[in-house]
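Asker: The structure under discussion is supplied below as C-alpha cells; questions concerning it will follow.
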Amino acid sequence: MSRRRERLGGPIAALVRVAFVFLALALAFVLPGCGGADKPRLVLWHAYRGEEETALKTVLSAFEKERGVSVEVLALPFDAYATKLESAIPHAHWPDVFVDAHERLGSYKKNDLVAPAGQALPPEDRALFDEAALAAATLDGTTYGVPLAQKSLALFVNDALVPNAPTSLEALAKRDGLPDGSFPLAYEAESAYFHAPLLHAFGGRMVDPDGTFAAASPEGEASIAFLLELKKQKALPDEPNGALVTELFASGKTKAVISGPWFLADAKKSKSYKVFPLPKLRDQGDARLRAFLTVDVALLSPDGAKNPNAVALARYLGSLPSARTRALVGKQVVATKAVWNDPEVAKDRDLSAFHAAAETGIPMPTTPAMRAAWVPLEQAIKKAVRGDATPKVALDEARARFLDAMKPPPPSPSPTPLFVAVSLVLVGLAMVAVKNAREPGFSSRFRASVPAYKYVTHAAVVVFVLVVLPLVAGTLTSFFAGTRNEPQYVGLSNYVQILTARGGPLL
C-alpha cells in the first residue's frame, strides 16, 4: 500500500504544482484588472486627428494621474459626429464629456443632448477665456461648455510674390503681369463657408438671430457681385476646390490662399509663406473680411453633468496646463488667454497669426437654422457664378429652399381614413382567398402543389425579408414627418407636397 501511495504521490504532486502555477498566473492577470475596475471610469468623445489628438491624449493622461480616474476615449469622424451623438445619448450609450464645434450647440440643446456647464466653468474661471469664445459657448444666456480652441480662416501669402502684408483684397486680386495658369488669389470661392467673409464685409449675414435666412439681402447680392467681378478679372481659378488650391500654392502659381489652420501642412510644402489675418475689402474704406469663428467646446451630456469627475474633466480641459499642451503639441489656437503670454507659444509665428485672425472672427450662430442655410446659399453662389441667374434671383430661390427646409410638419390628421382603407384592402384579400378555397378541386390542387412550395419557400422568405418588408416600412414612413426621435403622423401630406411642388410652380 505504501509503495502504491509513493507511485501515486509523484503524479498528484505534479498536478498540484501545475494547478498552483495556473492559479498564480490567473491572479497575476485578474488582480490588476480588478484594481483598475475600482477606478471611476469616464467616457470622452472627440473628432480630432493628428497633432490635436496627440495633445488631447497627453492632457487626458495627466488628468488620469491627478484625479485617479480612467478615461475611455473614442475618436469619431467629424461628419458622423452629430448623428452618432443624437443616436447614442437618448439610448443610454452616451459619453460623459464630448468635444465638438460650438455651432451645433443649438441643435444639441433642442434635442436634450447637452447640459449647462455649471461648475465646469465657475465664475472665477470665466476671466481665463477669450470673450468671443465664451460668447460662442453661450446660448440664451446660459453657458453650456468650456471653450478649448478657436478656428478661423486666414490669409496664406507667398512672400516671394507678395513681400509685404496685403493692404486689401482688391489690391491683392490684381494680376500684375502674372503668367497664364497663375492666379492672384485661390480659395474655395463657391463654398458658403469661404464666401462668408465677403458677406460679412458687405454688412450681411447668413442667418438672423431669430432664425430667418438673412443672406437674401442687398448686402448678400453685393457680396456675390464682388465675387463675380473677381472671376471676370481672372483673379480666381474656375471651379476651385481644395486639391487645386493646394496645388497652386505649392507650385507658386498663386499669390495668396484663404484657408484655415488645416492648410498649414500643405503651406509648408511651398518654399516660403506667411500667414496674416484676412485683409480689408478695398483700399478705400474700413470694411474688413471677417470669417466665421468656430470654437471647440468641452460639453457635458445630461448624465455627465451629474458626475463630479466628468465636471472636473471638462474644467481641466480648459485649464492653463491643458491649454499650453494643446497649443505646443496640438498647434491649436487655444481660447485660454494667459497661454499667449508664454514665450514658447508666442514665438510660433503661424499660431500667433491665427490667434490674431480669430480675434477678428464672427462666432458662428448656434441656431439650428444654420444647418438649413448652408446648402441653399451654396447653390445660389454656384448658380450666379455659372450665369444661370442674377445674384438677386439666386438668393431669392435660396430663401425659398431654406423656408421649405424649415417648414414645420403639417398638423396631424385623423388616422381613421387610413385604417379604413387598409381594412377594406385586407377584407377584399380575405374574400378572394375564401372564394378560391371554396372552388371544387382546390384541396387536391393545393396538395399537389406542396412539393413545389417546398422548393420556393426559401426564395420566398428571402424576397419577403429583403424586398417586401423594406417596401412596407418605407410606405409606413412616408405617412410621417418630423425628426427621427419625434416622428409625427401627417397622412398623405407628404404626397400632396411632392405632387404640388411643395407650394411652388409645378413645372
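By convention in this document, the chains of the C-alpha cells carry letters A, B, ... by their order, each chain's residues are numbered from 1, and ligands are numbered from 1 in the order they are shown.
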So that I can check the surroundings of Phe98 of chain A, please list as a PyMOL selection string every protein, DNA and RNA residue that reaches within 6 Å of it, counting only C-alpha atoms and ignoring chain neighbours fewer than 3 positions away.

Answerer: chain A and resi 44-46+298-299

Asker: May I have the residues within 9 Å of Leu56 of chain A as a PyMOL selection string, using only C-alpha atoms and disregarding those fewer than 5 positions away in the same chain?

Answerer: chain A and resi 48+51+61+317+322+325-326+330

Asker: Nearest to Asp296 of chain A: which of A:Ala127, A:Ala473, A:Ala136, A:Ala398 is it, counting only C-alpha atoms?

Answerer: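 Residue with the minimum atom-to-atom distance to Asp296 of chain A: A:Ala136.
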
Asker: Quick one: residues within 12 Å of Ala80 of chain A, only C-alpha atoms counted, chain neighbours fewer than 4 positions away excluded, as a PyMOL selection string?

Answerer: chain A and resi 46-47+75-76+84-87+100

Asker: Store the residues picked out above in a file with N, CA, C and O atoms, as an mmCIF file, in the first residue's frame.

Answerer:
```cif
data_model
loop_
_atom_site.group_PDB
_atom_site.id
_atom_site.type_symbol
_atom_site.label_atom_id
_atom_site.label_comp_id
_atom_site.auth_asym_id
_atom_site.auth_seq_id
_atom_site.Cartn_x
_atom_site.Cartn_y
_atom_site.Cartn_z
ATOM 1 N N HIS A 46 -14.472 62.643 -29.207
ATOM 2 C CA HIS A 46 -13.903 63.794 -29.913
ATOM 3 C C HIS A 46 -13.775 63.448 -31.394
ATOM 4 O O HIS A 46 -13.989 62.294 -31.797
ATOM 5 N N ALA A 47 -13.420 64.446 -32.202
ATOM 6 C CA ALA A 47 -13.246 64.231 -33.639
ATOM 7 C C ALA A 47 -11.874 64.700 -34.099
ATOM 8 O O ALA A 47 -11.677 64.996 -35.280
ATOM 9 N N ALA A 75 -12.605 58.328 -30.763
ATOM 10 C CA ALA A 75 -12.475 59.305 -31.849
ATOM 11 C C ALA A 75 -13.453 58.951 -32.954
ATOM 12 O O ALA A 75 -13.497 57.806 -33.413
ATOM 13 N N LEU A 76 -14.230 59.929 -33.405
ATOM 14 C CA LEU A 76 -15.244 59.715 -34.438
ATOM 15 C C LEU A 76 -15.000 60.668 -35.608
ATOM 16 O O LEU A 76 -14.472 61.766 -35.411
ATOM 17 N N LYS A 84 -24.034 60.391 -34.530
ATOM 18 C CA LYS A 84 -23.706 59.398 -33.500
ATOM 19 C C LYS A 84 -24.185 59.858 -32.132
ATOM 20 O O LYS A 84 -24.738 59.072 -31.355
ATOM 21 N N LEU A 85 -23.990 61.128 -31.823
ATOM 22 C CA LEU A 85 -24.441 61.651 -30.532
ATOM 23 C C LEU A 85 -25.959 61.592 -30.410
ATOM 24 O O LEU A 85 -26.505 61.193 -29.378
ATOM 25 N N GLU A 86 -26.646 61.996 -31.473
ATOM 26 C CA GLU A 86 -28.104 62.003 -31.444
ATOM 27 C C GLU A 86 -28.666 60.591 -31.305
ATOM 28 O O GLU A 86 -29.764 60.413 -30.777
ATOM 29 N N SER A 87 -27.910 59.598 -31.769
ATOM 30 C CA SER A 87 -28.351 58.215 -31.633
ATOM 31 C C SER A 87 -27.990 57.626 -30.277
ATOM 32 O O SER A 87 -28.733 56.799 -29.734
ATOM 33 N N ASP A 100 -16.797 69.254 -29.259
ATOM 34 C CA ASP A 100 -17.391 69.490 -30.579
ATOM 35 C C ASP A 100 -17.409 70.979 -30.864
ATOM 36 O O ASP A 100 -17.197 71.818 -29.966
#
```

Asker: Go through A:Ser223, A:Asn158, A:Asn341, A:Ala291 and flag the residue nearest Ser251 of chain A, using only C-alpha atoms for the distances.

Answerer: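 Nearest candidate to Ser251 of chain A out of A:Ser223, A:Asn158, A:Asn341, A:Ala291: A:Asn158.
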
Asker: Please list as a PyMOL selection string every residue within 9 Å of Ala323 of chain A, counting only C-alpha atoms and excluding residues in the same chain fewer than 2 positions away.

Answerer: chain A and resi 59+148-149+317-321+325-328+332+334-336+339

Asker: Output N, CA, C and O atoms of each residue in that selection to a file, as an mmCIF file, in the first residue's frame.

Answerer:
```
data_model
loop_
_atom_site.group_PDB
_atom_site.id
_atom_site.type_symbol
_atom_site.label_atom_id
_atom_site.label_comp_id
_atom_site.auth_asym_id
_atom_site.auth_seq_id
_atom_site.Cartn_x
_atom_site.Cartn_y
_atom_site.Cartn_z
ATOM 1 N N VAL A 59 -3.065 65.362 -22.470
ATOM 2 C CA VAL A 59 -3.814 66.057 -21.414
ATOM 3 C C VAL A 59 -4.628 65.059 -20.588
ATOM 4 O O VAL A 59 -4.657 65.133 -19.348
ATOM 5 N N LEU A 148 -12.277 75.600 -25.698
ATOM 6 C CA LEU A 148 -10.952 74.992 -25.788
ATOM 7 C C LEU A 148 -10.078 75.637 -26.861
ATOM 8 O O LEU A 148 -8.961 76.048 -26.582
ATOM 9 N N ALA A 149 -10.568 75.699 -28.085
ATOM 10 C CA ALA A 149 -9.746 76.208 -29.189
ATOM 11 C C ALA A 149 -10.624 76.923 -30.202
ATOM 12 O O ALA A 149 -11.830 76.682 -30.273
ATOM 13 N N LEU A 317 -9.851 70.380 -18.993
ATOM 14 C CA LEU A 317 -9.523 70.538 -20.407
ATOM 15 C C LEU A 317 -9.282 72.000 -20.779
ATOM 16 O O LEU A 317 -8.520 72.296 -21.703
ATOM 17 N N GLY A 318 -9.928 72.919 -20.074
ATOM 18 C CA GLY A 318 -9.740 74.337 -20.346
ATOM 19 C C GLY A 318 -8.702 75.010 -19.474
ATOM 20 O O GLY A 318 -8.487 76.220 -19.586
ATOM 21 N N SER A 319 -8.032 74.238 -18.605
ATOM 22 C CA SER A 319 -7.061 74.810 -17.666
ATOM 23 C C SER A 319 -5.804 75.277 -18.390
ATOM 24 O O SER A 319 -5.545 74.925 -19.547
ATOM 25 N N LEU A 320 -4.977 76.045 -17.693
ATOM 26 C CA LEU A 320 -3.753 76.577 -18.274
ATOM 27 C C LEU A 320 -2.775 75.479 -18.693
ATOM 28 O O LEU A 320 -2.242 75.520 -19.814
ATOM 29 N N PRO A 321 -2.510 74.454 -17.848
ATOM 30 C CA PRO A 321 -1.591 73.388 -18.297
ATOM 31 C C PRO A 321 -2.112 72.661 -19.539
ATOM 32 O O PRO A 321 -1.346 72.347 -20.454
ATOM 33 N N THR A 325 -0.339 72.608 -23.398
ATOM 34 C CA THR A 325 -0.043 71.377 -24.134
ATOM 35 C C THR A 325 -0.738 71.365 -25.479
ATOM 36 O O THR A 325 -0.145 70.988 -26.504
ATOM 37 N N ARG A 326 -1.995 71.787 -25.504
ATOM 38 C CA ARG A 326 -2.735 71.767 -26.761
ATOM 39 C C ARG A 326 -2.193 72.787 -27.760
ATOM 40 O O ARG A 326 -2.266 72.582 -28.962
ATOM 41 N N ALA A 327 -1.617 73.884 -27.259
ATOM 42 C CA ALA A 327 -1.029 74.881 -28.152
ATOM 43 C C ALA A 327 0.319 74.401 -28.704
ATOM 44 O O ALA A 327 0.572 74.494 -29.915
ATOM 45 N N LEU A 328 1.182 73.877 -27.839
ATOM 46 C CA LEU A 328 2.525 73.493 -28.259
ATOM 47 C C LEU A 328 2.553 72.164 -29.001
ATOM 48 O O LEU A 328 3.281 72.003 -29.980
ATOM 49 N N GLN A 332 -2.980 74.155 -31.551
ATOM 50 C CA GLN A 332 -4.325 74.720 -31.510
ATOM 51 C C GLN A 332 -4.272 76.196 -31.111
ATOM 52 O O GLN A 332 -3.440 76.604 -30.285
ATOM 53 N N VAL A 334 -5.659 78.158 -28.877
ATOM 54 C CA VAL A 334 -6.426 77.902 -27.658
ATOM 55 C C VAL A 334 -7.160 79.161 -27.219
ATOM 56 O O VAL A 334 -6.768 80.293 -27.520
ATOM 57 N N ALA A 335 -8.252 78.944 -26.476
ATOM 58 C CA ALA A 335 -9.101 80.056 -26.030
ATOM 59 C C ALA A 335 -8.693 80.563 -24.658
ATOM 60 O O ALA A 335 -9.310 81.493 -24.143
ATOM 61 N N THR A 336 -7.663 79.975 -24.038
ATOM 62 C CA THR A 336 -7.180 80.406 -22.729
ATOM 63 C C THR A 336 -6.189 81.544 -22.932
ATOM 64 O O THR A 336 -5.097 81.355 -23.492
ATOM 65 N N VAL A 339 -2.149 81.736 -22.031
ATOM 66 C CA VAL A 339 -1.193 80.919 -22.789
ATOM 67 C C VAL A 339 -0.415 81.771 -23.789
ATOM 68 O O VAL A 339 0.760 81.502 -24.072
#
```

Asker: For atom CA of Leu281 of chain A and atom CA of Thr167 of chain A, determine how far apart the two atoms are, in Å to one decimal place.

Answerer: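 Between these atoms lies a distance of 8.9 Å.
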